[in-house]
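work11.pdb (PDB, C-alpha atoms) appears below.
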ATOM      1  CA  MET K1454     -62.796   1.471  10.290
ATOM      2  CA  LEU K1455     -64.540   4.804   9.991
ATOM      3  CA  TYR K1456     -67.278   3.520  12.309
ATOM      4  CA  LEU K1457     -64.666   2.630  14.919
ATOM      5  CA  PHE K1458     -63.273   6.140  14.633
ATOM      6  CA  TYR K1459     -66.719   7.672  15.149
ATOM      7  CA  LEU K1460     -67.382   5.369  18.108
ATOM      8  CA  PHE K1461     -64.145   6.368  19.844
ATOM      9  CA  ALA K1462     -64.688  10.032  18.957
ATOM     10  CA  VAL K1463     -68.187  10.093  20.453
ATOM     11  CA  ILE K1464     -66.972   8.320  23.607
ATOM     12  CA  SER K1465     -64.055  10.709  24.068
ATOM     13  CA  VAL K1466     -66.114  13.878  23.496
ATOM     14  CA  LEU K1467     -68.953  12.745  25.780
ATOM     15  CA  SER K1468     -66.594  11.701  28.580
ATOM     16  CA  ALA K1469     -64.664  14.973  28.195
ATOM     17  CA  LEU K1470     -67.942  16.837  28.671
ATOM     18  CA  MET K1471     -68.652  14.663  31.719
ATOM     19  CA  VAL K1472     -65.284  15.681  33.220
ATOM     20  CA  VAL K1473     -66.388  19.309  33.171
ATOM     21  CA  ALA K1474     -70.022  18.719  34.090
ATOM     22  CA  ALA K1475     -69.751  16.132  36.880
ATOM     23  CA  ARG K1476     -70.448  17.435  40.374
ATOM     24  CA  SER K1477     -68.267  15.002  42.270
ATOM     25  CA  PRO K1478     -64.484  15.065  41.619
ATOM     26  CA  VAL K1479     -64.344  11.251  41.692
ATOM     27  CA  ASN K1480     -66.848  11.086  38.822
ATOM     28  CA  SER K1481     -64.716  13.573  36.913
ATOM     29  CA  VAL K1482     -61.645  11.377  37.342
ATOM     30  CA  ILE K1483     -63.525   8.267  36.206
ATOM     31  CA  SER K1484     -64.804   9.996  33.064
ATOM     32  CA  LEU K1485     -61.318  11.325  32.344
ATOM     33  CA  ILE K1486     -60.029   7.733  32.523
ATOM     34  CA  VAL K1487     -62.716   6.699  30.000
ATOM     35  CA  CYS K1488     -61.658   9.607  27.780
ATOM     36  CA  PHE K1489     -58.000   8.550  27.950
ATOM     37  CA  LEU K1490     -58.876   4.945  27.138
ATOM     38  CA  SER K1491     -60.793   6.051  24.047
ATOM     39  CA  ILE K1492     -57.831   8.206  23.003
ATOM     40  CA  ALA K1493     -55.671   5.087  23.365
ATOM     41  CA  GLY K1494     -58.135   3.455  20.967
ATOM     42  CA  HIS K1495     -57.493   6.303  18.538
ATOM     43  CA  TYR K1496     -53.760   5.655  18.806
ATOM     44  CA  ILE K1497     -54.322   2.003  17.947
ATOM     45  CA  LEU K1498     -56.395   3.087  14.931
ATOM     46  CA  LEU K1499     -53.456   5.273  13.901
ATOM     47  CA  ASN K1500     -51.199   2.200  14.165
ATOM     48  CA  ALA K1501     -49.224   3.934  16.942
ATOM     49  CA  GLN K1502     -48.954   0.861  19.139
ATOM     50  CA  PHE K1503     -46.064   2.108  21.256
ATOM     51  CA  LEU K1504     -47.942   5.319  22.046
ATOM     52  CA  ALA K1505     -51.118   3.428  22.909
ATOM     53  CA  ALA K1506     -49.283   1.240  25.433
ATOM     54  CA  VAL K1507     -47.355   4.139  26.969
ATOM     55  CA  HIS K1508     -50.505   6.248  27.090
ATOM     56  CA  ILE K1509     -52.433   3.611  29.011
ATOM     57  CA  ILE K1510     -49.527   2.945  31.378
ATOM     58  CA  VAL K1511     -48.586   6.573  32.057
ATOM     59  CA  TYR K1512     -51.955   8.313  31.995
ATOM     60  CA  THR K1513     -54.482   5.758  33.123
ATOM     61  CA  GLY K1514     -52.043   3.858  35.294
ATOM     62  CA  ALA K1515     -49.959   6.550  36.930
ATOM     63  CA  ILE K1516     -51.406  10.028  36.545
ATOM     64  CA  MET K1517     -55.074   9.246  37.110
ATOM     65  CA  VAL K1518     -54.273   7.015  40.084
ATOM     66  CA  LEU K1519     -52.323   9.953  41.495
ATOM     67  CA  PHE K1520     -55.384  12.189  40.973
ATOM     68  CA  LEU K1521     -57.667   9.652  42.646
ATOM     69  CA  PHE K1522     -55.204   9.250  45.495
ATOM     70  CA  VAL K1523     -55.099  12.998  46.142
ATOM     71  CA  ILE K1524     -58.901  13.272  45.965
ATOM     72  CA  MET K1525     -59.240  10.476  48.516
ATOM     73  CA  LEU K1526     -56.500  12.004  50.662
ATOM     74  CA  LEU K1527     -58.126  15.442  50.720
ATOM     75  CA  ASN K1528     -61.606  13.915  51.174
ATOM     76  CA  LEU K1529     -63.199  15.924  48.360
ATOM     77  CA  ASN K1530     -66.857  15.295  47.577
ATOM     78  CA  LYS K1531     -69.984  17.013  46.336
ATOM     79  CA  ILE K1532     -70.485  18.978  49.563
ATOM     80  CA  THR K1533     -67.075  20.636  49.575
ATOM     81  CA  GLU K1534     -67.300  21.389  45.863
ATOM     82  CA  PRO K1535     -67.017  25.129  45.098
ATOM     83  CA  SER K1536     -69.164  26.405  42.245
ATOM     84  CA  LYS K1537     -68.959  29.487  40.071
ATOM     85  CA  THR K1538     -71.659  32.041  39.453
ATOM     86  CA  LEU K1539     -73.981  31.654  36.490
ATOM     87  CA  THR K1540     -72.442  34.620  34.661
ATOM     88  CA  THR K1541     -68.957  33.112  34.807
ATOM     89  CA  ARG K1542     -70.275  29.777  33.584
ATOM     90  CA  ILE K1543     -72.039  31.334  30.605
ATOM     91  CA  ALA K1544     -68.879  33.328  29.835
ATOM     92  CA  ALA K1545     -66.742  30.154  30.025
ATOM     93  CA  VAL K1546     -69.009  28.176  27.690
ATOM     94  CA  THR K1547     -69.194  31.106  25.254
ATOM     95  CA  ALA K1548     -65.419  31.481  25.271
ATOM     96  CA  GLY K1549     -64.924  27.770  24.577
ATOM     97  CA  ALA K1550     -67.499  27.751  21.767
ATOM     98  CA  LEU K1551     -66.035  30.863  20.139
ATOM     99  CA  PHE K1552     -62.554  29.360  20.347
ATOM    100  CA  LEU K1553     -63.806  26.194  18.677
ATOM    101  CA  PHE K1554     -65.498  28.173  15.889
ATOM    102  CA  THR K1555     -62.324  30.182  15.317
ATOM    103  CA  LEU K1556     -60.266  26.987  14.984
ATOM    104  CA  LEU K1557     -62.808  25.383  12.662
ATOM    105  CA  GLY K1558     -62.936  28.528  10.550
ATOM    106  CA  ALA K1559     -59.160  28.470  10.261
ATOM    107  CA  LEU K1560     -59.370  24.826   9.179
ATOM    108  CA  ARG K1561     -61.871  25.644   6.427
ATOM    109  CA  GLN K1562     -59.526  28.262   5.013
ATOM    110  CA  GLY K1563     -56.537  25.962   5.396
ATOM    111  CA  VAL K1564     -54.220  24.594   2.773
ATOM    112  CA  GLN K1565     -54.365  21.096   1.366
ATOM    113  CA  ILE K1566     -52.199  18.771   3.439
ATOM    114  CA  THR K1567     -50.197  16.283   1.430
ATOM    115  CA  ALA K1568     -48.092  13.538   2.943
ATOM    116  CA  ALA K1569     -44.429  14.495   3.193
ATOM    117  CA  LYS K1570     -43.115  10.951   2.808
ATOM    118  CA  GLU K1571     -44.264   7.820   1.114
ATOM    119  CA  PHE K1572     -46.656   5.771   3.231
ATOM    120  CA  ASP K1573     -44.788   3.507   5.632
ATOM    121  CA  GLY K1574     -46.825   0.983   7.596
ATOM    122  CA  SER K1575     -44.226   0.528  10.334
ATOM    123  CA  THR K1576     -44.208   4.164  11.495
ATOM    124  CA  GLY K1577     -45.763   3.759  14.921
ATOM    125  CA  LEU K1578     -44.248   0.436  15.819
ATOM    126  CA  VAL K1579     -41.841   0.126  18.713
ATOM    127  CA  LYS K1580     -38.882  -0.440  16.413
ATOM    128  CA  SER K1581     -39.146   2.744  14.373
ATOM    129  CA  VAL K1582     -40.114   4.960  17.335
ATOM    130  CA  GLY K1583     -37.280   3.496  19.408
ATOM    131  CA  GLN K1584     -34.736   4.029  16.669
ATOM    132  CA  SER K1585     -35.821   7.632  16.314
ATOM    133  CA  LEU K1586     -35.850   8.154  20.087
ATOM    134  CA  PHE K1587     -32.391   6.764  20.738
ATOM    135  CA  SER K1588     -30.601   8.279  17.754
ATOM    136  CA  GLU K1589     -32.180  11.587  16.770
ATOM    137  CA  PHE K1590     -33.685  12.510  20.143
ATOM    138  CA  LEU K1591     -31.137  11.002  22.514
ATOM    139  CA  LEU K1592     -30.147  14.269  24.199
ATOM    140  CA  PRO K1593     -33.747  15.359  24.999
ATOM    141  CA  PHE K1594     -34.385  11.859  26.312
ATOM    142  CA  GLU K1595     -31.474  12.128  28.730
ATOM    143  CA  MET K1596     -32.489  15.661  29.683
ATOM    144  CA  SER K1597     -35.944  14.450  30.633
ATOM    145  CA  SER K1598     -34.372  12.429  33.452
ATOM    146  CA  VAL K1599     -33.059  15.715  34.885
ATOM    147  CA  LEU K1600     -36.589  17.119  34.563
ATOM    148  CA  PHE K1601     -37.962  14.166  36.505
ATOM    149  CA  LEU K1602     -35.318  14.543  39.186
ATOM    150  CA  SER K1603     -36.241  18.201  39.664
ATOM    151  CA  ALA K1604     -39.944  17.279  39.710
ATOM    152  CA  ILE K1605     -39.319  14.693  42.436
ATOM    153  CA  ILE K1606     -37.311  17.153  44.518
ATOM    154  CA  GLY K1607     -39.940  19.856  43.999
ATOM    155  CA  ALA K1608     -42.776  17.555  45.020
ATOM    156  CA  VAL K1609     -40.940  16.470  48.170
ATOM    157  CA  MET K1610     -40.102  20.068  49.073
ATOM    158  CA  LEU K1611     -43.684  21.221  48.542
ATOM    159  CA  GLY K1612     -45.296  18.267  50.249
ATOM    160  CA  ARG K1613     -43.133  18.537  53.344
ATOM    161  CA  LYS K1614     -44.879  19.750  56.471
ATOM    162  CA  ASP K1615     -44.119  23.371  57.315
ATOM    163  CA  ARG K1616     -41.778  23.503  60.333
ATOM    164  CA  THR K1617     -42.571  27.071  61.418
ATOM    165  CA  PRO K1618     -45.827  27.078  63.413
ATOM    166  CA  ARG K1619     -48.565  29.517  62.442
ATOM    167  CA  GLU K1620     -50.076  31.956  64.934
ATOM    168  CA  ASP K1621     -53.523  30.384  64.810
ATOM    169  CA  ALA K1622     -52.240  26.836  64.933
ATOM    170  CA  PRO K1623     -53.427  24.863  67.950
ATOM    171  CA  THR K1624     -50.681  24.438  70.470
ATOM    172  CA  HIS K1625     -49.798  20.863  71.061
ATOM    173  CA  PRO K1626     -49.237  19.651  74.598
ATOM    174  CA  ALA K1627     -45.633  19.335  75.567
ATOM    175  CA  PRO K1628     -44.209  15.921  74.721
ATOM    176  CA  VAL K1629     -44.166  13.521  77.600
ATOM    177  CA  GLU K1630     -40.668  12.941  78.811
ATOM    178  CA  ARG K1631     -39.521   9.445  78.428
ATOM    179  CA  ARG K1632     -38.342   7.740  81.496
ATOM    180  CA  THR K1633     -34.867   6.602  80.832
ATOM    181  CA  LYS K1634     -33.185   3.935  82.779
ATOM    182  CA  LYS K1635     -29.816   4.868  84.010
ATOM    183  CA  ILE K1636     -27.280   2.419  82.912
ATOM    184  CA  PRO K1637     -24.799   1.757  85.685
ATOM    185  CA  ALA K1638     -21.349   2.511  84.562
TER
ATOM    186  CA  MET L 741     -52.519  -5.921  11.226
ATOM    187  CA  ASP L 742     -53.283  -5.289   7.580
ATOM    188  CA  GLY L 743     -56.563  -3.667   8.572
ATOM    189  CA  MET L 744     -54.661  -1.258  10.787
ATOM    190  CA  MET L 745     -52.480  -0.238   7.860
ATOM    191  CA  THR L 746     -55.477   0.672   5.768
ATOM    192  CA  ALA L 747     -57.214   2.478   8.657
ATOM    193  CA  ILE L 748     -54.772   5.377   8.469
ATOM    194  CA  ARG L 749     -55.612   5.876   4.813
ATOM    195  CA  VAL L 750     -59.370   5.392   5.262
ATOM    196  CA  ILE L 751     -59.823   7.962   8.032
ATOM    197  CA  PRO L 752     -59.174  11.474   6.706
ATOM    198  CA  LEU L 753     -56.742  13.668   8.603
ATOM    199  CA  GLU L 754     -59.389  16.390   8.940
ATOM    200  CA  HIS L 755     -61.454  14.137  11.198
ATOM    201  CA  TYR L 756     -58.604  13.945  13.692
ATOM    202  CA  ILE L 757     -58.008  17.692  13.461
ATOM    203  CA  VAL L 758     -61.665  18.463  14.216
ATOM    204  CA  LEU L 759     -61.776  15.938  17.071
ATOM    205  CA  SER L 760     -58.686  17.403  18.689
ATOM    206  CA  PHE L 761     -60.095  20.937  18.274
ATOM    207  CA  ILE L 762     -63.279  19.855  20.053
ATOM    208  CA  LEU L 763     -61.351  18.193  22.890
ATOM    209  CA  PHE L 764     -59.086  21.219  23.292
ATOM    210  CA  SER L 765     -62.059  23.593  23.429
ATOM    211  CA  ILE L 766     -63.792  21.433  26.025
ATOM    212  CA  GLY L 767     -60.610  21.448  28.109
ATOM    213  CA  MET L 768     -60.241  25.215  27.805
ATOM    214  CA  ALA L 769     -63.889  25.888  28.648
ATOM    215  CA  GLY L 770     -63.613  23.498  31.586
ATOM    216  CA  ALA L 771     -60.574  25.285  32.977
ATOM    217  CA  LEU L 772     -62.620  28.507  32.950
ATOM    218  CA  PHE L 773     -65.831  26.802  34.081
ATOM    219  CA  ARG L 774     -64.720  25.121  37.292
ATOM    220  CA  ARG L 775     -63.260  26.512  40.503
ATOM    221  CA  ASN L 776     -61.933  23.274  41.917
ATOM    222  CA  THR L 777     -58.161  23.287  41.364
ATOM    223  CA  ILE L 778     -57.962  19.536  40.814
ATOM    224  CA  ILE L 779     -60.580  19.690  38.020
ATOM    225  CA  ILE L 780     -58.635  22.542  36.405
ATOM    226  CA  LEU L 781     -55.530  20.308  36.436
ATOM    227  CA  MET L 782     -57.593  17.551  34.830
ATOM    228  CA  CYS L 783     -58.762  19.947  32.111
ATOM    229  CA  LEU L 784     -55.101  20.757  31.462
ATOM    230  CA  GLU L 785     -54.493  17.025  30.983
ATOM    231  CA  LEU L 786     -57.376  16.959  28.518
ATOM    232  CA  MET L 787     -55.786  19.762  26.485
ATOM    233  CA  PHE L 788     -52.419  17.961  26.557
ATOM    234  CA  ASN L 789     -54.142  14.876  25.202
ATOM    235  CA  SER L 790     -55.877  16.658  22.364
ATOM    236  CA  VAL L 791     -52.517  18.048  21.245
ATOM    237  CA  ASN L 792     -50.976  14.582  21.573
ATOM    238  CA  LEU L 793     -53.710  13.126  19.393
ATOM    239  CA  LEU L 794     -53.116  15.771  16.738
ATOM    240  CA  LEU L 795     -49.356  15.124  16.767
ATOM    241  CA  ALA L 796     -49.872  11.377  16.487
ATOM    242  CA  ALA L 797     -52.339  11.815  13.616
ATOM    243  CA  PHE L 798     -49.950  14.041  11.672
ATOM    244  CA  SER L 799     -47.089  11.659  12.420
ATOM    245  CA  ALA L 800     -49.034   8.704  11.045
ATOM    246  CA  HIS L 801     -50.169  10.728   8.063
ATOM    247  CA  HIS L 802     -46.667  11.843   7.146
ATOM    248  CA  SER L 803     -45.087   8.457   8.081
ATOM    249  CA  ASP L 804     -42.585  10.250  10.323
ATOM    250  CA  PRO L 805     -41.893   8.761  13.789
ATOM    251  CA  GLY L 806     -40.558  12.105  15.051
ATOM    252  CA  GLY L 807     -44.066  13.277  15.904
ATOM    253  CA  GLN L 808     -44.694  10.234  18.066
ATOM    254  CA  VAL L 809     -41.412  10.786  19.914
ATOM    255  CA  PHE L 810     -42.666  14.305  20.570
ATOM    256  CA  VAL L 811     -45.888  12.885  22.045
ATOM    257  CA  PHE L 812     -43.706  10.726  24.293
ATOM    258  CA  PHE L 813     -41.877  13.812  25.563
ATOM    259  CA  ILE L 814     -45.176  15.650  26.142
ATOM    260  CA  MET L 815     -46.294  12.704  28.277
ATOM    261  CA  LEU L 816     -43.086  12.956  30.322
ATOM    262  CA  VAL L 817     -43.586  16.681  30.878
ATOM    263  CA  ALA L 818     -47.252  16.118  31.791
ATOM    264  CA  ALA L 819     -46.272  13.502  34.381
ATOM    265  CA  ALA L 820     -43.749  15.877  35.986
ATOM    266  CA  GLU L 821     -46.240  18.737  35.880
ATOM    267  CA  VAL L 822     -48.962  16.682  37.568
ATOM    268  CA  THR L 823     -46.586  15.595  40.324
ATOM    269  CA  VAL L 824     -45.655  19.159  41.221
ATOM    270  CA  GLY L 825     -49.213  20.455  40.708
ATOM    271  CA  LEU L 826     -50.726  17.900  43.050
ATOM    272  CA  ALA L 827     -48.022  18.634  45.649
ATOM    273  CA  ILE L 828     -48.980  22.318  45.439
ATOM    274  CA  LEU L 829     -52.633  21.309  45.788
ATOM    275  CA  VAL L 830     -51.959  19.269  48.932
ATOM    276  CA  MET L 831     -49.989  22.195  50.370
ATOM    277  CA  MET L 832     -52.835  24.573  49.503
ATOM    278  CA  LYS L 833     -55.385  22.341  51.211
ATOM    279  CA  ARG L 834     -53.142  22.188  54.267
ATOM    280  CA  ASN L 835     -52.611  25.961  54.468
ATOM    281  CA  VAL L 836     -55.940  27.511  53.451
ATOM    282  CA  ASP L 837     -58.115  24.392  53.956
ATOM    283  CA  SER L 838     -59.770  24.686  50.541
ATOM    284  CA  VAL L 839     -59.250  23.632  46.917
ATOM    285  CA  ASP L 840     -61.040  26.723  45.592
ATOM    286  CA  ILE L 841     -58.817  28.489  43.064
ATOM    287  CA  ASN L 842     -60.290  31.864  44.097
ATOM    288  CA  GLN L 843     -58.629  31.516  47.492
ATOM    289  CA  LEU L 844     -55.246  32.058  45.869
ATOM    290  CA  ASN L 845     -55.709  35.717  44.983
ATOM    291  CA  ARG L 846     -52.974  37.410  46.981
ATOM    292  CA  LEU L 847     -50.821  38.039  43.923
ATOM    293  CA  LYS L 848     -53.762  39.457  41.994
ATOM    294  CA  TRP L 849     -53.036  43.172  42.358
TER
END

Please express the file's structure as structure tokens.
Amino acid sequence: MLYLFYLFAVISVLSALMVVAARSPVNSVISLIVCFLSIAGHYILLNAQFLAAVHIIVYTGAIMVLFLFVIMLLNLNKITEPSKTLTTRIAAVTAGALFLFTLLGALRQGVQITAAKEFDGSTGLVKSVGQSLFSEFLLPFEMSSVLFLSAIIGAVMLGRKDRTPREDAPTHPAPVERRTKKIPA
Amino acid sequence: MDGMMTAIRVIPLEHYIVLSFILFSIGMAGALFRRNTIIILMCLELMFNSVNLLLAAFSAHHSDPGGQVFVFFIMLVAAAEVTVGLAILVMMKRNVDSVDINQLNRLKW
């Protein structure tokens, strides 16, 4: 079991590094999908079966397809890829490494974590998560539908073509008038 | 099924904590490292996922399904965030014809 954990951990860390390092955005998306699949493997190891299924459906199925769709739509590739200066890159890597060392240092000083409840094997199953979701967290669940509604409206508003023409926009030729047949009264 | 039950007890919680720290740091460094807006959004997703993994690990460790419900809600928020973020990205590409985050500097000073 520990070997499976290490396997998934190595896959997820390497593919996360590939997301940052890949030159082409499509390669980044593919490695992020691999990373998400390995995290789904971690969920299965944690016996969180509901989360594993939802994670694969929502992230790999919906969100990453949306990313891929937008990349294809905008025609992004290696040539159009903007890159930062070397100084900024070194600063970014240093900042990330220092952050990691800070977190690990905090973990070394940390308190002993003991389980709050007695071990229950059915924690992550659909039944227990569903019971918790629809009794204890029913109001947040209903509120999330309002969040989705506002997200849909926001996306439509933002994605709509701007009606006011810009100054530098090319002027389109006047629309050809349609010949209409006069209907005798 | 029985093997899965023992897996939670075999793998120490610290392993999951360290893994999620590493993933979060990679996501944070990536958000600073890249200039492509879509990659920055992807690094945000990576950070979301590391937090989700930590929540799920603690939830399994404490045998409390509340943490996993929380992960569910984070997924919902991430989906909404990505929808709006990608709409902004498409609008940005249409208006300034670039996905470079440095193009959006008019509110800087």

Pick out the closest residue to chain L from this set: K:Ser1477, K:Ser1536, K:Ser1588, K:Thr1555. Count only C-alpha atoms. K:Ser1536

Could you list, as number ranges by chain, every residue within 10 Å of Ile1516 in chain K, counting all atoms listed in the file and ignoring same-chain residues fewer than 2 positions away? K: 1486, 1509-1514, 1518-1522; L: 782, 785, 818-820, 822-823

L:Pro752, L:Gly807, L:Gly770, L:Gly825 ranked by distance to chain K, top pick (using all atoms listed in the file):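 Under the stated criterion, the closest residue is L:Gly770.
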
Between CA of Pro805 in chain L and CA of Lys1580 in chain K - distance in Å to one decimal: 10.0 Å

Near Val1479 in chain K, counting all atoms listed in the file, which residues have an atom at most 10 Å away, once you skip same-chain residues fewer than 6 positions from it, shown as a PyMOL selection string? (chain K and resi 1472+1485+1520-1521+1524-1525+1529-1531) or (chain L and resi 779)

Separation of CA of Ile751 in chain L and CA of Leu1551 in chain K, in Å?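 Atom-to-atom, CA of Ile751 in chain L and CA of Leu1551 in chain K are spaced 26.6 Å apart.
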